[in-house]
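A.B. asks: Below is one structure. I have some questions about it.
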Amino acid sequence: MSTPTDIKLYMEDVGRRARAAARLLARADTAAKNRALLAMAAAVRREQTVLLAANAEDIDAARAAARDAAFIDRLTLTGKSVESMAQGLEQVAALPDPVGEISEVRERPSGIKVGRMRVPLGVIGIIYESRPNVTADAAALCLKSGNATILRGGSESIRSNRSIARCVHEGLRDAGLPEDAVQVVDTPDRSAVSELLRMNQYVDIIVPRGGKSLIERVMAESRIPMIKHLDGVCHVYIDESADLAKAISIADNAKTQRYGTCNTMECLLVHEKIAARLLPPLARIYLAKGVELRCDERSRAIIRAELGPNDDAASLLVKAASEQDFYTEYLAPILSLRLVRDLDQALDHIAKYGSQHTDAIVTEDEACAQRFLREVDSSSVMVNASTRFADGFEYGLGAEIGISTDKLHARGPVGLEGLTSQKFVVFGTGQIRT
């Protein structure tokens, strides 16, 4: 597969086999899919030593290529993460199977009964970067939802992905399901991604999982509909009626529980009437954790006045915000901060600078909470809770393939139901239309 022609032929073959497998998988019963998932989990546990050895080779290659520490961390498997993979497969097996579910059945005046049946999407292409656990997670969710999948992981994790794929294929064989239901693209050639994005005759949905540059590339090249989000510029707005202790706890957790996730708060909006009471204790928490605050003029003045001119942390970490800061997803211990005069100004700010991912209000005013829920146009909107809860597991979906900020076809964390569609089904007793 050293030439573009070879890659094109290889990817065409992958696509054809995935389409054929999708037809077989769509009619697979729940018991067979669950047997496959449990067999995969058993294989992952049994092959832990092999998986870790393959991953060690990937890590050595990444270090030789001078990859940074954060990249190495995302790439690394441990005994604990291998066990988590196995448990994830078992958790998906325990979830209800959405395929074939019939709902909303209504009898019409003609006597026919019209309902909706949940069905697989078909073939799902998933493009991801350095996290090898995605191979198992994506395979599990696609299998349980009755979809064939083509997985194209990052070239830096290809050895790990191959090893995990062998466990996946063992599980499929044990359950009598087609191995082609889960295919890992077995070449590091970047042109394979371009070919995959053009295979609309075989692939129904593309799911990019990775950084902004990957998603922008997929958006630019794909001929296939996508489930995606580009940025996670998440907000917490603290209203004048907020309980201060609750507000401080939520604002701390939303930013510092983890810095590098798409549901981490990147901008804090505070009602001007409570800023003098809220900001000093909250700023001390942030500064103690090394969080840099990029503030509008008024919030910066309040924090610096409280901490004093000789406070080294205030001097180093409390800075003036630029306009661009409010558009930025930092994925780091950096936070934008702005005071607002009322709920309307907070809503205007979120509409202008937000990314329609996750936004939260802290308030004891029910009317304000309801307005925020109705008017914020994001995939997850929260009242009195940390944005870090925007997650498939936390929402009771069991797991997620990713988060979508699109309006169609799925929105928010995408679990099994988001990997299916609905078709109309009609039941008659011989009716004809007159």
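How things are named: the first chain in the structure tokens is A, the next is B, and so on; residues count from 1 in each chain; ligands count from 1 in the order shown.
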Let's see if you can do this: from backbone DSSP, list all helix (DSSP H, G or I) residues in segment 132-265 of chain A, as a count of residues only.

C.D. replies: 65

A.B. asks: Please report as a Markdown table every residue of segment 338-422 of chain A lying within 12 Å of segment 135-157 of chain A, along with the nearest atom pair and their distance in Å (one decimal), using only C-alpha atoms.

C.D. replies:
```
| residue | atom | partner | partner_atom | distance |
| --- | --- | --- | --- | --- |
| A:Gly392 | CA | A:Leu141 | CA | 11.7 |
| A:Leu397 | CA | A:Leu141 | CA | 10.6 |
| A:Gly398 | CA | A:Leu141 | CA | 9.5 |
| A:Ala399 | CA | A:Leu141 | CA | 7.7 |
| A:Glu400 | CA | A:Leu141 | CA | 7.6 |
| A:Ile401 | CA | A:Ala138 | CA | 6.2 |
| A:Gly402 | CA | A:Ala138 | CA | 9.5 |
| A:Val414 | CA | A:Leu141 | CA | 9.9 |
| A:Gly415 | CA | A:Leu141 | CA | 7.3 |
| A:Leu416 | CA | A:Ser145 | CA | 5.6 |
| A:Glu417 | CA | A:Ser145 | CA | 7.5 |
| A:Gly418 | CA | A:Ser145 | CA | 9.0 |
| A:Leu419 | CA | A:Ser145 | CA | 6.3 |
| A:Thr420 | CA | A:Ser145 | CA | 6.5 |
| A:Ser421 | CA | A:Ser145 | CA | 10.1 |
```

A.B. asks: For segment 173-221 of chain A against segment 24-38 of chain A, with a cut-off of 9 Å and counting only C-alpha atoms, what is the closest atom pair and its distance in Å to one decimal for every residue that makes the cut, ordered by chain and number, as a Markdown table?

C.D. replies:
```
| residue | atom | partner | partner_atom | distance |
| --- | --- | --- | --- | --- |
| A:Arg173 | CA | A:Ala36 | CA | 7.7 |
| A:Asp174 | CA | A:Ala36 | CA | 6.5 |
| A:Ala175 | CA | A:Ala36 | CA | 5.0 |
| A:Gly176 | CA | A:Ala32 | CA | 7.5 |
| A:Leu177 | CA | A:Leu25 | CA | 7.2 |
| A:Pro178 | CA | A:Leu24 | CA | 7.5 |
| A:Ala181 | CA | A:Leu25 | CA | 7.1 |
```

A.B. asks: Let me make sure I understand: among A:Met219, A:Val185, A:Val99, A:Leu269, which one has the smallest atom-to-atom distance to Leu121 of chain A if we use only C-alpha atoms?

C.D. replies: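 Once distances to Leu121 of chain A are computed over only C-alpha atoms, the minimum belongs to A:Val99.
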
A.B. asks: Here is a test: counting only C-alpha atoms, which residue of A:Arg411, A:Arg223, A:Arg258, A:His169 is nearest to Met40 of chain A?

C.D. replies: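 Distance minimum relative to Met40 of chain A lands on A:His169.
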
A.B. asks: I want to know what sits within 10 Å of Tyr330 of chain A, based on only C-alpha atoms, with residues of the same chain fewer than 6 positions away left out; could you give that as a PyMOL selection string?

C.D. replies: chain A and resi 231-233+259-262+264-267+336

A.B. asks: Among segment 31-153 of chain A, which residues carry a DSSP assignment of strand (DSSP E), reported as a short mmCIF file (atom, residue, chain, number, x, y, z; two decimals) with C-alpha atoms, in the first residue's frame?

C.D. replies:
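Generated output (states39.cif):
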```cif
data_model
loop_
_atom_site.label_atom_id
_atom_site.label_comp_id
_atom_site.auth_asym_id
_atom_site.auth_seq_id
_atom_site.Cartn_x
_atom_site.Cartn_y
_atom_site.Cartn_z
CA ILE A 102 -41.22 0.22 18.06
CA SER A 103 -42.79 3.31 19.58
CA GLU A 104 -45.48 5.94 19.03
CA VAL A 105 -47.95 3.48 17.51
CA ARG A 106 -51.22 5.23 16.70
CA GLU A 107 -54.32 3.99 14.93
CA LYS A 113 -51.58 1.55 12.78
CA VAL A 114 -48.53 3.80 12.26
CA GLY A 115 -45.45 3.65 14.45
CA ARG A 116 -41.71 4.17 14.41
CA MET A 117 -39.00 1.52 14.54
CA ARG A 118 -35.46 2.28 15.67
CA VAL A 119 -32.88 1.03 13.14
CA PRO A 120 -29.07 1.22 12.70
CA VAL A 123 -21.73 2.08 8.34
CA ILE A 124 -20.01 4.54 10.68
CA GLY A 125 -16.52 5.83 9.97
CA ILE A 126 -14.65 7.01 13.07
CA ILE A 127 -11.44 9.03 12.79
CA TYR A 128 -9.53 9.55 16.01
CA ALA A 148 -20.66 -1.75 11.01
CA THR A 149 -17.71 0.55 11.66
CA ILE A 150 -14.47 1.58 9.98
CA LEU A 151 -11.97 2.81 12.56
CA ARG A 152 -9.06 5.00 11.52
#
```

A.B. asks: Name the residues in contact with Gln345 of chain A at a cut-off of 12 Å, using only C-alpha atoms, excluding same-chain residues fewer than 3 positions from it; report them as a PDB file with N, CA, C and O atoms, in the first residue's frame.

C.D. replies:
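Saved result, around.pdb, follows:
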```pdb
ATOM      1  N   TYR A 237     -22.563  30.997  34.214  1.00  0.00           N
ATOM      2  CA  TYR A 237     -23.034  32.326  34.600  1.00  0.00           C
ATOM      3  C   TYR A 237     -23.545  32.265  36.029  1.00  0.00           C
ATOM      4  O   TYR A 237     -24.434  31.469  36.353  1.00  0.00           O
ATOM      5  N   ASP A 239     -25.579  34.109  38.698  1.00  0.00           N
ATOM      6  CA  ASP A 239     -26.630  35.123  38.770  1.00  0.00           C
ATOM      7  C   ASP A 239     -26.603  35.832  40.126  1.00  0.00           C
ATOM      8  O   ASP A 239     -26.043  35.325  41.113  1.00  0.00           O
ATOM      9  N   LEU A 269     -18.907  34.031  33.820  1.00  0.00           N
ATOM     10  CA  LEU A 269     -19.650  35.283  33.805  1.00  0.00           C
ATOM     11  C   LEU A 269     -20.264  35.487  35.187  1.00  0.00           C
ATOM     12  O   LEU A 269     -20.895  34.574  35.732  1.00  0.00           O
ATOM     13  N   VAL A 270     -20.100  36.678  35.763  1.00  0.00           N
ATOM     14  CA  VAL A 270     -20.559  36.954  37.127  1.00  0.00           C
ATOM     15  C   VAL A 270     -21.405  38.216  37.117  1.00  0.00           C
ATOM     16  O   VAL A 270     -21.005  39.250  36.553  1.00  0.00           O
ATOM     17  N   HIS A 271     -22.568  38.136  37.749  1.00  0.00           N
ATOM     18  CA  HIS A 271     -23.426  39.327  37.885  1.00  0.00           C
ATOM     19  C   HIS A 271     -22.683  40.372  38.713  1.00  0.00           C
ATOM     20  O   HIS A 271     -22.114  40.066  39.768  1.00  0.00           O
ATOM     21  N   GLU A 272     -22.706  41.604  38.243  1.00  0.00           N
ATOM     22  CA  GLU A 272     -21.916  42.665  38.871  1.00  0.00           C
ATOM     23  C   GLU A 272     -22.318  42.924  40.322  1.00  0.00           C
ATOM     24  O   GLU A 272     -21.496  43.380  41.131  1.00  0.00           O
ATOM     25  N   ARG A 338     -15.621  37.686  33.119  1.00  0.00           N
ATOM     26  CA  ARG A 338     -16.270  38.952  32.770  1.00  0.00           C
ATOM     27  C   ARG A 338     -17.450  39.203  33.701  1.00  0.00           C
ATOM     28  O   ARG A 338     -18.191  38.276  34.042  1.00  0.00           O
ATOM     29  N   LEU A 339     -17.637  40.465  34.081  1.00  0.00           N
ATOM     30  CA  LEU A 339     -18.820  40.863  34.834  1.00  0.00           C
ATOM     31  C   LEU A 339     -19.917  41.273  33.851  1.00  0.00           C
ATOM     32  O   LEU A 339     -19.640  41.861  32.801  1.00  0.00           O
ATOM     33  N   VAL A 340     -21.156  40.953  34.206  1.00  0.00           N
ATOM     34  CA  VAL A 340     -22.304  41.332  33.376  1.00  0.00           C
ATOM     35  C   VAL A 340     -23.331  42.027  34.267  1.00  0.00           C
ATOM     36  O   VAL A 340     -23.402  41.787  35.472  1.00  0.00           O
ATOM     37  N   ARG A 341     -24.130  42.891  33.653  1.00  0.00           N
ATOM     38  CA  ARG A 341     -25.088  43.673  34.450  1.00  0.00           C
ATOM     39  C   ARG A 341     -26.364  42.895  34.769  1.00  0.00           C
ATOM     40  O   ARG A 341     -27.056  43.192  35.740  1.00  0.00           O
ATOM     41  N   ASP A 342     -26.694  41.869  33.914  1.00  0.00           N
ATOM     42  CA  ASP A 342     -27.927  41.121  34.135  1.00  0.00           C
ATOM     43  C   ASP A 342     -27.928  39.854  33.282  1.00  0.00           C
ATOM     44  O   ASP A 342     -26.959  39.580  32.538  1.00  0.00           O
ATOM     45  N   ASP A 348     -26.438  37.349  25.879  1.00  0.00           N
ATOM     46  CA  ASP A 348     -25.824  37.932  24.685  1.00  0.00           C
ATOM     47  C   ASP A 348     -24.369  37.490  24.554  1.00  0.00           C
ATOM     48  O   ASP A 348     -23.900  37.191  23.438  1.00  0.00           O
ATOM     49  N   HIS A 349     -23.651  37.464  25.671  1.00  0.00           N
ATOM     50  CA  HIS A 349     -22.251  37.030  25.639  1.00  0.00           C
ATOM     51  C   HIS A 349     -22.140  35.583  25.164  1.00  0.00           C
ATOM     52  O   HIS A 349     -21.323  35.269  24.289  1.00  0.00           O
ATOM     53  N   ILE A 350     -22.943  34.700  25.727  1.00  0.00           N
ATOM     54  CA  ILE A 350     -22.882  33.284  25.352  1.00  0.00           C
ATOM     55  C   ILE A 350     -23.240  33.099  23.885  1.00  0.00           C
ATOM     56  O   ILE A 350     -22.609  32.308  23.168  1.00  0.00           O
ATOM     57  N   ALA A 351     -24.241  33.845  23.404  1.00  0.00           N
ATOM     58  CA  ALA A 351     -24.620  33.739  22.001  1.00  0.00           C
ATOM     59  C   ALA A 351     -23.489  34.175  21.078  1.00  0.00           C
ATOM     60  O   ALA A 351     -23.290  33.604  20.003  1.00  0.00           O
ATOM     61  N   LYS A 352     -22.722  35.182  21.493  1.00  0.00           N
ATOM     62  CA  LYS A 352     -21.646  35.701  20.647  1.00  0.00           C
ATOM     63  C   LYS A 352     -20.386  34.841  20.716  1.00  0.00           C
ATOM     64  O   LYS A 352     -19.780  34.530  19.681  1.00  0.00           O
ATOM     65  N   PHE A 372     -32.879  30.862  30.970  1.00  0.00           N
ATOM     66  CA  PHE A 372     -31.570  30.355  30.548  1.00  0.00           C
ATOM     67  C   PHE A 372     -31.734  29.038  29.786  1.00  0.00           C
ATOM     68  O   PHE A 372     -31.139  28.841  28.725  1.00  0.00           O
TER      69      PHE A 372
END
```

A.B. asks: One number please: atom CA of Arg16 of chain A to atom CA of Ile224 of chain A, in Å, one decimal.

C.D. replies: 15.9 Å

A.B. asks: Write out as a compact mmCIF listing (two decimals) with all heavy atoms, in the first residue's frame each polymer residue whose atoms come within 10 Å of Val383 of chain A, counting only C-alpha atoms; drop sequence neighbours fewer than 4 positions from it.

C.D. replies:
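The resulting out-v5.txt:
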```txt
# COMPACT_ATOMS: atom_id res chain seq x y z
N VAL A 236 -20.06 29.28 32.59
CA VAL A 236 -20.89 29.27 33.80
C VAL A 236 -21.25 30.72 34.08
O VAL A 236 -20.37 31.60 34.14
CB VAL A 236 -20.17 28.65 35.00
CG1 VAL A 236 -21.00 28.84 36.27
CG2 VAL A 236 -19.89 27.16 34.77
N TYR A 237 -22.56 31.00 34.21
CA TYR A 237 -23.03 32.33 34.60
C TYR A 237 -23.55 32.27 36.03
O TYR A 237 -24.43 31.47 36.35
CB TYR A 237 -24.15 32.80 33.66
CG TYR A 237 -24.92 33.99 34.21
CD1 TYR A 237 -24.27 35.16 34.61
CD2 TYR A 237 -26.31 33.93 34.37
CE1 TYR A 237 -24.96 36.24 35.12
CE2 TYR A 237 -27.03 35.01 34.87
CZ TYR A 237 -26.35 36.16 35.25
OH TYR A 237 -27.04 37.23 35.79
N ASP A 359 -23.37 25.01 28.63
CA ASP A 359 -23.39 26.25 29.39
C ASP A 359 -24.29 26.07 30.61
O ASP A 359 -25.30 25.37 30.54
CB ASP A 359 -23.89 27.41 28.52
CG ASP A 359 -22.98 27.63 27.32
OD1 ASP A 359 -21.83 28.07 27.53
OD2 ASP A 359 -23.40 27.35 26.19
N ALA A 360 -23.91 26.73 31.72
CA ALA A 360 -24.62 26.53 32.99
C ALA A 360 -24.92 27.87 33.65
O ALA A 360 -24.18 28.84 33.49
CB ALA A 360 -23.78 25.67 33.94
N ILE A 361 -26.02 27.89 34.40
CA ILE A 361 -26.36 29.04 35.24
C ILE A 361 -26.41 28.56 36.69
O ILE A 361 -26.86 27.46 36.99
CB ILE A 361 -27.72 29.65 34.83
CG1 ILE A 361 -28.03 30.91 35.66
CG2 ILE A 361 -28.86 28.65 34.95
CD1 ILE A 361 -29.27 31.67 35.19
N VAL A 362 -25.92 29.42 37.59
CA VAL A 362 -26.07 29.18 39.03
C VAL A 362 -27.01 30.26 39.53
O VAL A 362 -26.71 31.46 39.47
CB VAL A 362 -24.71 29.25 39.76
CG1 VAL A 362 -24.91 28.91 41.24
CG2 VAL A 362 -23.70 28.30 39.13
N THR A 363 -28.17 29.85 40.01
CA THR A 363 -29.21 30.81 40.40
C THR A 363 -30.20 30.15 41.35
O THR A 363 -30.38 28.93 41.31
CB THR A 363 -29.95 31.35 39.15
OG1 THR A 363 -30.87 32.36 39.56
CG2 THR A 363 -30.71 30.24 38.42
N GLU A 364 -30.84 30.97 42.18
CA GLU A 364 -31.95 30.51 43.00
C GLU A 364 -33.27 31.09 42.49
O GLU A 364 -34.31 30.90 43.11
CB GLU A 364 -31.73 30.91 44.47
CG GLU A 364 -30.48 30.30 45.11
CD GLU A 364 -30.48 28.78 45.08
OE1 GLU A 364 -31.48 28.17 45.51
OE2 GLU A 364 -29.46 28.19 44.62
N GLU A 366 -36.08 30.90 39.89
CA GLU A 366 -36.65 29.94 38.95
C GLU A 366 -36.93 30.57 37.59
O GLU A 366 -36.73 29.93 36.55
CB GLU A 366 -37.93 29.34 39.53
CG GLU A 366 -38.62 28.31 38.64
CD GLU A 366 -37.78 27.06 38.41
OE1 GLU A 366 -36.88 26.78 39.23
OE2 GLU A 366 -38.03 26.37 37.39
N CYS A 368 -35.30 33.04 36.13
CA CYS A 368 -34.01 33.17 35.44
C CYS A 368 -33.54 31.81 34.91
O CYS A 368 -33.03 31.71 33.79
CB CYS A 368 -32.96 33.76 36.37
SG CYS A 368 -33.11 35.54 36.62
N ALA A 369 -33.70 30.78 35.73
CA ALA A 369 -33.29 29.44 35.31
C ALA A 369 -34.05 29.00 34.07
O ALA A 369 -33.47 28.47 33.11
CB ALA A 369 -33.50 28.45 36.45
N GLN A 370 -35.35 29.24 34.05
CA GLN A 370 -36.17 28.82 32.92
C GLN A 370 -35.81 29.61 31.66
O GLN A 370 -35.77 29.05 30.56
CB GLN A 370 -37.65 28.98 33.25
CG GLN A 370 -38.16 27.96 34.26
CD GLN A 370 -37.98 26.53 33.77
OE1 GLN A 370 -38.23 26.22 32.60
NE2 GLN A 370 -37.53 25.66 34.65
N PHE A 372 -32.88 30.86 30.97
CA PHE A 372 -31.57 30.36 30.55
C PHE A 372 -31.73 29.04 29.79
O PHE A 372 -31.14 28.84 28.72
CB PHE A 372 -30.68 30.16 31.78
CG PHE A 372 -29.22 29.97 31.47
CD1 PHE A 372 -28.38 31.07 31.31
CD2 PHE A 372 -28.67 28.70 31.37
CE1 PHE A 372 -27.03 30.90 31.05
CE2 PHE A 372 -27.32 28.52 31.10
CZ PHE A 372 -26.50 29.62 30.95
N LEU A 373 -32.57 28.13 30.32
CA LEU A 373 -32.80 26.85 29.65
C LEU A 373 -33.40 27.04 28.26
O LEU A 373 -33.03 26.35 27.31
CB LEU A 373 -33.72 25.98 30.50
CG LEU A 373 -33.14 25.43 31.80
CD1 LEU A 373 -34.23 24.70 32.58
CD2 LEU A 373 -31.96 24.49 31.53
N THR A 387 -20.45 22.07 34.52
CA THR A 387 -20.43 21.68 33.10
C THR A 387 -19.75 20.34 32.89
O THR A 387 -19.96 19.70 31.85
CB THR A 387 -19.70 22.74 32.26
OG1 THR A 387 -18.35 22.88 32.73
CG2 THR A 387 -20.42 24.07 32.33
```

A.B. asks: Using only C-alpha atoms, which protein or nucleic acid residues come within 10 Å of Ile285 of chain A? Drop anything in the same chain fewer than 5 positions from it, and give the result as a list of chain:residue names.

C.D. replies: A:Ile248, A:Ser249, A:Asp252, A:Thr256, A:Leu279, A:Pro280, A:Gly290, A:Val291

A.B. asks: From the list A:Ala283, A:Val82, A:Val381, A:Ala66, which residue is nearest Val134 of chain A when using only C-alpha atoms?

C.D. replies: A:Val82

A.B. asks: Env of Ala390 of chain A: 8 Å cut, atoms = only C-alpha atoms, seq-sep filter 5 positions within chain, self excluded. Answer as a PyMOL selection string.

C.D. replies: chain A and resi 263+358+380+395+412-413

A.B. asks: For the residues selected in the previous step, produce a file with N, CA, C and O atoms as a PDB file, in the first residue's frame.

C.D. replies:
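For reference, result14.pdb as written:
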```pdb
ATOM      1  N   ASN A 263     -15.781  19.654  27.995  1.00  0.00           N
ATOM      2  CA  ASN A 263     -16.863  20.201  28.823  1.00  0.00           C
ATOM      3  C   ASN A 263     -16.333  20.991  30.027  1.00  0.00           C
ATOM      4  O   ASN A 263     -17.076  21.294  30.954  1.00  0.00           O
ATOM      5  N   THR A 358     -21.751  23.367  26.005  1.00  0.00           N
ATOM      6  CA  THR A 358     -22.353  23.236  27.341  1.00  0.00           C
ATOM      7  C   THR A 358     -22.249  24.558  28.082  1.00  0.00           C
ATOM      8  O   THR A 358     -21.159  25.143  28.148  1.00  0.00           O
ATOM      9  N   SER A 380     -26.048  21.097  25.630  1.00  0.00           N
ATOM     10  CA  SER A 380     -26.361  20.832  27.038  1.00  0.00           C
ATOM     11  C   SER A 380     -26.479  22.164  27.758  1.00  0.00           C
ATOM     12  O   SER A 380     -25.583  23.011  27.662  1.00  0.00           O
ATOM     13  N   TYR A 395     -24.881  11.095  31.902  1.00  0.00           N
ATOM     14  CA  TYR A 395     -26.261  11.267  31.467  1.00  0.00           C
ATOM     15  C   TYR A 395     -27.041   9.953  31.438  1.00  0.00           C
ATOM     16  O   TYR A 395     -28.204   9.932  31.055  1.00  0.00           O
ATOM     17  N   GLY A 412     -25.697  16.787  21.573  1.00  0.00           N
ATOM     18  CA  GLY A 412     -25.211  16.458  22.907  1.00  0.00           C
ATOM     19  C   GLY A 412     -24.436  15.152  22.898  1.00  0.00           C
ATOM     20  O   GLY A 412     -23.995  14.670  21.843  1.00  0.00           O
ATOM     21  N   PRO A 413     -24.213  14.533  24.072  1.00  0.00           N
ATOM     22  CA  PRO A 413     -23.526  13.248  24.108  1.00  0.00           C
ATOM     23  C   PRO A 413     -24.276  12.212  23.271  1.00  0.00           C
ATOM     24  O   PRO A 413     -25.495  12.079  23.388  1.00  0.00           O
TER      25      PRO A 413
END
```

A.B. asks: Take atom CA of Ile302 of chain A and atom CA of Ser355 of chain A and report the distance between them in Å, one decimal.

C.D. replies: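 Spanning atom CA of Ile302 of chain A to atom CA of Ser355 of chain A is a straight-line distance of 28.2 Å.
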